[in-house]
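Raw contents of data.txt, compact mmCIF, C-alpha atoms:
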# COMPACT_ATOMS: atom_id res chain seq x y z
CA MET A 18 -9.48 -4.02 -23.42
CA ARG A 19 -6.29 -2.04 -24.02
CA LYS A 20 -5.43 -4.33 -26.95
CA ILE A 21 -8.82 -3.61 -28.53
CA VAL A 22 -8.32 0.12 -28.11
CA ALA A 23 -4.82 -0.10 -29.58
CA SER A 24 -6.06 -2.14 -32.56
CA LEU A 25 -8.87 0.29 -33.32
CA SER A 26 -6.49 3.24 -33.01
CA THR A 27 -3.97 1.63 -35.38
CA LEU A 28 -6.67 0.79 -37.92
CA PHE A 29 -8.08 4.29 -37.65
CA LEU A 30 -4.69 5.87 -38.31
CA PHE A 31 -4.09 3.53 -41.25
CA VAL A 32 -7.35 4.55 -42.86
CA LEU A 33 -6.49 8.20 -42.43
CA LEU A 34 -3.12 7.62 -44.09
CA CYS A 35 -4.95 6.14 -47.02
CA ALA A 36 -7.50 8.94 -47.08
CA ALA A 37 -5.48 11.11 -49.46
CA PRO A 38 -6.37 9.55 -52.86
CA PRO A 39 -4.38 9.92 -56.06
CA ALA A 40 -5.48 12.44 -58.65
CA HIS A 41 -7.43 9.86 -60.68
CA ALA A 42 -9.52 8.64 -57.66
CA VAL A 43 -13.22 8.92 -58.23
CA SER A 44 -15.65 10.56 -55.86
CA LYS A 45 -17.30 7.21 -55.09
CA GLU A 46 -14.07 5.88 -53.53
CA MET A 47 -13.72 9.08 -51.52
CA VAL A 48 -17.21 8.62 -50.14
CA GLN A 49 -16.41 5.03 -49.18
CA LEU A 50 -13.25 6.06 -47.37
CA GLN A 51 -15.04 8.80 -45.51
CA THR A 52 -17.75 6.33 -44.53
CA GLN A 53 -15.16 3.88 -43.20
CA VAL A 54 -13.45 6.62 -41.22
CA GLN A 55 -16.76 7.67 -39.71
CA GLN A 56 -17.57 4.06 -38.81
CA LEU A 57 -14.24 3.65 -37.07
CA GLN A 58 -14.73 6.88 -35.18
CA ASP A 59 -18.22 5.79 -34.08
CA ALA A 60 -16.88 2.39 -32.97
CA LEU A 61 -14.13 4.04 -30.95
CA GLN A 62 -16.61 6.41 -29.35
CA HIS A 63 -18.91 3.51 -28.46
CA LEU A 64 -15.98 1.59 -26.99
CA GLN A 65 -15.01 4.55 -24.84
CA GLU A 66 -18.57 5.03 -23.58
CA THR A 67 -18.84 1.33 -22.71
CA GLN A 68 -15.50 1.36 -20.94
CA ASP A 69 -16.43 4.52 -19.02
CA GLN A 70 -19.57 2.79 -17.77
CA GLN A 71 -17.61 -0.28 -16.70
CA MET A 72 -14.99 1.88 -14.99
CA SER A 73 -17.69 3.77 -13.14
CA VAL A 74 -19.14 0.52 -11.82
CA MET A 75 -15.66 -0.69 -10.85
CA GLN A 76 -14.91 2.52 -8.98
CA HIS A 77 -18.18 2.15 -7.09
CA VAL A 78 -17.31 -1.42 -6.10
CA VAL A 79 -13.80 -0.39 -5.03
CA GLN A 80 -15.27 2.38 -2.87
CA GLN A 81 -17.67 -0.08 -1.22
CA ILE A 82 -14.81 -2.47 -0.46
CA SER A 83 -12.74 0.40 0.93
CA ASP A 84 -15.61 1.42 3.23
CA SER A 85 -15.98 -2.18 4.42
CA VAL A 86 -12.26 -2.42 5.19
CA ALA A 87 -12.43 0.83 7.18
CA HIS A 88 -15.36 -0.56 9.18
CA ILE A 89 -13.49 -3.81 9.87
CA SER A 90 -10.43 -1.87 11.01
CA THR A 91 -12.52 0.23 13.41
CA THR A 92 -14.24 -2.86 14.80
CA MET A 93 -10.90 -4.62 15.34
CA THR A 94 -9.51 -1.62 17.23
CA THR A 95 -12.56 -1.50 19.49
CA LEU A 96 -12.43 -5.26 20.12
CA GLN A 97 -8.73 -5.12 20.94
CA GLN A 98 -9.32 -2.35 23.47
CA GLN A 99 -12.16 -4.33 25.08
CA VAL A 100 -10.04 -7.47 25.39
CA GLN A 101 -7.22 -5.43 26.88
CA THR A 102 -9.53 -3.78 29.42
CA GLN A 103 -11.11 -7.06 30.51
CA ASN A 104 -7.81 -8.90 30.88
CA GLU A 105 -5.50 -6.37 32.55
CA SER A 106 -3.96 -9.17 34.60
CA GLY A 107 -3.89 -11.75 31.80
CA GLY A 108 -0.16 -11.56 31.06
CA GLY A 109 0.75 -14.11 28.41
CA LYS A 110 -2.85 -14.60 27.37
CA ILE A 111 -3.11 -10.92 26.48
CA ASP A 112 0.07 -11.13 24.43
CA GLN A 113 -1.31 -14.09 22.51
CA VAL A 114 -4.68 -12.45 21.75
CA SER A 115 -3.03 -9.14 20.89
CA GLY A 116 -0.65 -10.91 18.53
CA GLN A 117 -3.53 -12.57 16.71
CA MET A 118 -5.42 -9.29 16.40
CA GLN A 119 -2.31 -7.53 15.22
CA GLY A 120 -1.94 -10.08 12.44
CA ILE A 121 -5.52 -9.37 11.36
CA ASN A 122 -4.89 -5.62 11.45
CA ASP A 123 -1.79 -6.10 9.31
CA SER A 124 -3.82 -7.95 6.70
CA VAL A 125 -6.45 -5.19 6.73
CA ASP A 126 -3.75 -2.53 6.29
CA ALA A 127 -2.25 -4.41 3.36
CA LEU A 128 -5.70 -4.85 1.80
CA ARG A 129 -6.38 -1.13 2.12
CA THR A 130 -3.09 -0.35 0.38
CA ARG A 131 -3.97 -2.71 -2.49
CA ILE A 132 -7.39 -1.06 -2.85
CA ASP A 133 -5.75 2.37 -3.13
CA LYS A 134 -3.43 1.09 -5.83
CA LEU A 135 -6.36 -0.51 -7.69
CA SER A 136 -8.20 2.81 -7.66
CA ALA A 137 -5.14 4.50 -9.12
CA GLN A 138 -4.92 1.86 -11.86
CA VAL A 139 -8.59 2.35 -12.77
CA ALA A 140 -8.02 6.10 -13.07
CA ALA A 141 -4.94 5.47 -15.24
CA VAL A 142 -6.90 3.26 -17.65
CA GLN A 143 -9.61 5.90 -17.94
CA SER A 144 -7.00 8.53 -18.70
CA GLU A 145 -5.41 6.33 -21.35
CA LEU A 146 -8.73 5.75 -23.09
CA GLN A 147 -9.41 9.48 -23.06
CA ASN A 148 -6.01 10.16 -24.63
CA VAL A 149 -6.70 7.65 -27.41
CA ALA A 150 -10.03 9.31 -28.18
CA THR A 151 -8.44 12.77 -28.17
CA GLN A 152 -5.69 11.68 -30.56
CA ALA A 153 -8.23 10.16 -32.90
CA ALA A 154 -10.24 13.39 -32.90
CA VAL A 155 -7.13 15.43 -33.69
CA GLN A 156 -6.18 13.15 -36.55
CA GLN A 157 -9.73 13.34 -37.91
CA GLN A 158 -9.50 17.13 -38.00
CA GLY A 159 -6.49 17.17 -40.27
CA GLY A 160 -3.46 16.23 -38.24
CA GLN A 161 -0.58 14.26 -39.67
CA PRO A 162 -0.99 10.84 -38.17
CA GLY A 163 1.97 9.16 -39.80
CA GLN A 164 4.89 10.61 -37.89
CA PRO A 165 3.27 10.97 -34.45
CA GLY A 166 1.86 7.46 -34.76
CA ALA A 167 5.28 6.08 -35.57
CA GLU A 168 6.76 7.88 -32.56
CA GLN A 169 4.02 6.59 -30.28
CA ASN A 170 4.54 3.02 -31.51
CA GLN A 171 8.26 3.28 -30.83
CA ALA A 172 8.07 5.06 -27.49
CA PRO A 173 6.89 2.10 -25.39
CA GLN A 174 9.67 -0.08 -26.82
CA GLN A 175 12.28 2.51 -25.80
CA GLN A 176 10.90 2.99 -22.28
CA GLN A 177 10.20 -0.60 -21.27
CA PRO A 178 10.65 -0.69 -17.45
CA GLN A 179 12.71 -3.51 -16.04
CA PRO A 180 11.14 -4.51 -12.70
CA GLN A 181 13.72 -5.20 -10.01
CA ALA A 182 11.35 -6.65 -7.42
CA PRO A 183 7.81 -8.01 -7.08
CA PRO A 184 5.03 -5.52 -6.27
CA VAL A 185 5.34 -4.22 -2.72
CA ASN A 186 2.09 -5.84 -1.56
CA ASP A 187 3.07 -9.27 -2.91
CA LEU A 188 6.51 -8.98 -1.35
CA TYR A 189 5.12 -7.87 2.02
CA GLN A 190 2.36 -10.49 2.15
CA GLY A 191 4.85 -13.23 1.30
CA ALA A 192 7.13 -12.04 4.10
CA LEU A 193 4.21 -11.94 6.52
CA ARG A 194 3.21 -15.50 5.64
CA ASP A 195 6.75 -16.74 6.19
CA TYR A 196 6.91 -14.86 9.50
CA ASN A 197 3.66 -16.41 10.73
CA SER A 198 5.00 -19.82 9.68
CA ALA A 199 8.17 -19.23 11.76
CA ARG A 200 10.39 -19.17 8.65
CA TYR A 201 12.22 -16.25 10.17
CA ASP A 202 15.36 -16.17 8.04
CA LEU A 203 13.34 -16.16 4.83
CA ALA A 204 10.91 -13.58 6.20
CA ALA A 205 13.78 -11.32 7.30
CA GLY A 206 15.16 -11.32 3.76
CA GLU A 207 11.76 -10.45 2.29
CA PHE A 208 11.09 -7.68 4.79
CA GLY A 209 14.57 -6.39 3.99
CA ASP A 210 13.65 -6.32 0.30
CA VAL A 211 10.56 -4.22 1.10
CA LEU A 212 12.82 -1.68 2.79
CA LYS A 213 15.37 -1.86 -0.03
CA TYR A 214 13.06 -1.45 -3.00
CA TYR A 215 10.19 0.51 -1.43
CA PRO A 216 11.71 2.66 1.37
CA GLN A 217 9.03 5.35 1.01
CA ASP A 218 6.04 3.01 0.96
CA ASP A 219 3.69 2.87 3.96
CA LEU A 220 4.55 -0.81 4.41
CA ALA A 221 8.25 -0.03 4.90
CA GLY A 222 7.64 0.89 8.55
CA ASN A 223 5.75 -2.37 9.08
CA ALA A 224 8.62 -4.32 7.52
CA GLN A 225 11.13 -2.64 9.84
CA PHE A 226 8.94 -3.49 12.85
CA TYR A 227 8.82 -7.16 11.88
CA LEU A 228 12.60 -7.27 11.58
CA GLY A 229 12.59 -6.35 15.25
CA GLU A 230 9.95 -9.01 15.98
CA ILE A 231 12.04 -11.68 14.27
CA ALA A 232 15.12 -10.75 16.29
CA TYR A 233 13.03 -10.69 19.49
CA ARG A 234 11.58 -14.15 18.84
CA GLN A 235 15.05 -15.50 18.15
CA GLY A 236 16.28 -14.12 21.47
CA LYS A 237 18.51 -11.53 19.81
CA TYR A 238 17.30 -8.75 22.07
CA GLN A 239 20.05 -6.26 21.28
CA ASP A 240 19.30 -6.53 17.53
CA ALA A 241 15.61 -6.21 18.30
CA ILE A 242 16.20 -3.00 20.29
CA LYS A 243 18.07 -1.50 17.34
CA ALA A 244 15.34 -2.49 14.87
CA TYR A 245 12.57 -1.06 17.05
CA GLY A 246 14.61 2.10 17.48
CA VAL A 247 14.69 2.56 13.70
CA VAL A 248 10.90 2.33 13.61
CA LEU A 249 10.61 5.05 16.26
CA GLN A 250 13.18 7.30 14.58
CA GLN A 251 12.46 6.88 10.87
CA PHE A 252 8.79 5.79 10.88
CA ALA A 253 7.42 7.68 13.88
CA GLY A 254 4.05 8.17 12.19
CA ASN A 255 3.63 4.49 11.36
CA SER A 256 0.84 2.52 13.03
CA LYS A 257 3.47 0.13 14.41
CA ALA A 258 5.23 2.84 16.44
CA PRO A 259 3.36 2.11 19.74
CA ALA A 260 4.05 -1.62 19.38
CA ALA A 261 7.71 -0.89 18.60
CA GLN A 262 7.99 1.23 21.76
CA LEU A 263 6.43 -1.54 23.85
CA ARG A 264 8.58 -4.30 22.43
CA LYS A 265 11.71 -2.18 22.77
CA GLY A 266 11.00 -1.78 26.48
CA GLU A 267 10.33 -5.50 26.88
CA ALA A 268 13.57 -6.38 25.07
CA GLU A 269 15.51 -4.04 27.38
CA LEU A 270 13.92 -5.67 30.43
CA SER A 271 14.88 -9.09 29.04
CA LEU A 272 18.51 -7.87 29.01
CA ASP A 273 18.15 -6.63 32.62
CA GLN A 274 18.33 -3.05 31.39
CA ARG A 275 15.70 -2.08 33.94
CA ASP A 276 16.06 1.69 33.79
CA ASN A 277 15.90 1.78 29.99
CA GLY A 278 12.93 -0.56 29.93
CA ILE A 279 10.98 1.48 32.48
CA ARG A 280 11.80 4.68 30.62
CA ASP A 281 10.52 3.31 27.28
CA LEU A 282 7.34 1.90 28.80
CA ARG A 283 6.60 5.20 30.52
CA GLU A 284 7.32 7.08 27.31
CA LEU A 285 4.88 4.80 25.49
CA ILE A 286 2.16 5.59 28.03
CA ALA A 287 2.85 9.31 27.73
CA ARG A 288 2.90 9.39 23.89
CA TYR A 289 0.13 6.89 23.11
CA PRO A 290 -2.04 6.80 26.27
CA GLN A 291 -5.20 5.40 24.62
CA THR A 292 -3.59 2.51 22.74
CA PRO A 293 -3.75 -1.19 23.71
CA GLU A 294 0.06 -1.12 23.91
CA ALA A 295 -0.12 1.58 26.59
CA SER A 296 -2.47 -0.66 28.62
CA GLN A 297 0.03 -3.51 28.35
CA ALA A 298 2.81 -1.18 29.47
CA ARG A 299 0.81 -0.15 32.54
CA SER A 300 0.17 -3.80 33.42
CA ARG A 301 3.86 -4.64 33.05
CA LEU A 302 4.98 -1.73 35.21
CA ASN A 303 2.37 -2.46 37.87
CA GLY A 304 3.52 -6.08 37.94
CA MET A 305 7.06 -4.83 38.58
CA GLY A 306 5.83 -2.60 41.40
CA VAL A 307 6.71 0.52 39.39
CA ARG A 308 4.51 3.56 38.91
CA PRO A 309 3.30 3.89 35.28
CA THR A 310 4.26 7.56 35.31
CA ALA A 311 7.38 9.08 36.78
CA SER A 312 6.77 10.89 40.03
CA LYS A 313 7.44 14.60 40.03
CA PRO A 314 10.43 15.72 42.06
CA THR A 315 9.47 17.03 45.49
CA ALA A 316 10.31 20.67 46.09
CA TYR A 317 13.00 21.24 48.76
CA HIS A 318 12.01 23.36 51.76
CA GLU A 319 14.50 24.69 54.27
Hey, can you dump this file as structure tokens for me?
Amino acid sequence: MRKIVASLSTLFLFVLLCAAPPAHAVSKEMVQLQTQVQQLQDALQHLQETQDQQMSVMQHVVQQISDSVAHISTTMTTLQQQVQTQNESGGGKIDQVSGQMQGINDSVDALRTRIDKLSAQVAAVQSELQNVATQAAVQQQGGQPGQPGAEQNQAPQQQQPQPQAPPVNDLYQGALRDYNSARYDLAAGEFGDVLKYYPQDDLAGNAQFYLGEIAYRQGKYQDAIKAYGVVLQQFAGNSKAPAAQLRKGEAELSLDQRDNGIRDLRELIARYPQTPEASQARSRLNGMGVRPTASKPTAYHE
């Protein structure tokens, strides 16, 4: 569609350049040129109206998909809480089910991010079409199309971006697939690339969390603790923060760092009391014979 718009714009500008006839041109030729210009303008207007209609339909579809994704996300959260409540003493079984649900939630989060980017692209295309129509109208009213047109044709060639990495969603989804397939070294490199090239993206916090998960699954608990700590410090608002707090406590307990592990699990319960991770922390502490919340110091009486 953009190629069609560009072709019509170029042809329109060319006709305008030719619109200034020599002194000996007859009125009949002038009328023909004016007719051609008007036809091109009408065709461009029709193209814009058609594209606007298509964009409107596309935006409606994108909105419907976004609403469906939001509903799925809500349903998954509710289901996860129900499973957690019904299996407080499930131990490993809970971890397995929670891991599966977390993978689904990750896919939903990535899909939502892609939908947002698609909406932005639709808006950008609409804006570009509007700019083309505006330029054509200005040229029709007596502008000098030659020089601006030449500058516009040259500008894209001078500002060609050189991509350094795949799109963030492609990079993240590829890393997630490799992680789920236990290709941990490859996945670690891909998650690292997400952090390197897209440190401000919402998926950067997820990538940092999975670096901790990879280290944890490989038994590198000290590296896992550091990775989870980065999530809690630099991506505190990320949806993975409760899971990072839980896994950090579990990694510390695996290293016999009992006090640190208890502290992190209690902090998780205090900061995110309604999350499935908080329920798992309570179960773990109860299984250790430890109170989920620290007891208040008893006042001293003489």
So which residues are close to (-0.2, 2.5, 13.6), meaning at most 10 Å away in the file's coordinates with all atoms listed in the file counted, and can you show them as a list in words?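 Within 10 Å of (-0.2, 2.5, 13.6), the protein and nucleic acid residues are Asn122, Asp123, Asp126, Gly222, Asn223, Phe252, Ala253, Gly254, Asn255, Ser256, Lys257, Ala258, Pro259, Ala260, Ala261 and Thr292 of chain A.
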Which residues are close to A:Arg264, i.e. within 9 Å by only C-alpha atoms, leaving aside same-chain residues fewer than 2 positions away? Reply as a ChimeraX atom specification. /A:229-230,233,241-242,245,259-262,266-269,282
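What separates atom CA of A:Arg194 from atom CA of A:Gly236 is a distance of 20.6 Å.
As for atom CA of A:Gly209 and atom CA of A:Leu228, they are spaced 7.9 Å apart.
Of note, atom CA of A:Asp219 and atom CA of A:Arg200 are spaced 23.5 Å apart.
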Kindly indicate which residue among A:Leu57, A:Val307, A:Val48, A:Val247 lies nearest to A:Ala221, using only C-alpha atoms for the distances. A:Val247
Identify, on the basis of all atoms listed in the file, every residue whose closest approach to A:Ile279 does not exceed 10 Å; exclude the query and any residue fewer than 3 positions from it along the same chain; express the result as a PyMOL selection string. chain A and resi 266-267+269-270+274-276+282-285+298+301-302+305+307-311
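Minimum atom-to-atom distances from A:Gln235, A:Thr67, A:Gln58, A:Asn277 to A:Lys265 were compared using all atoms listed in the file, and the lowest value belongs to A:Asn277.
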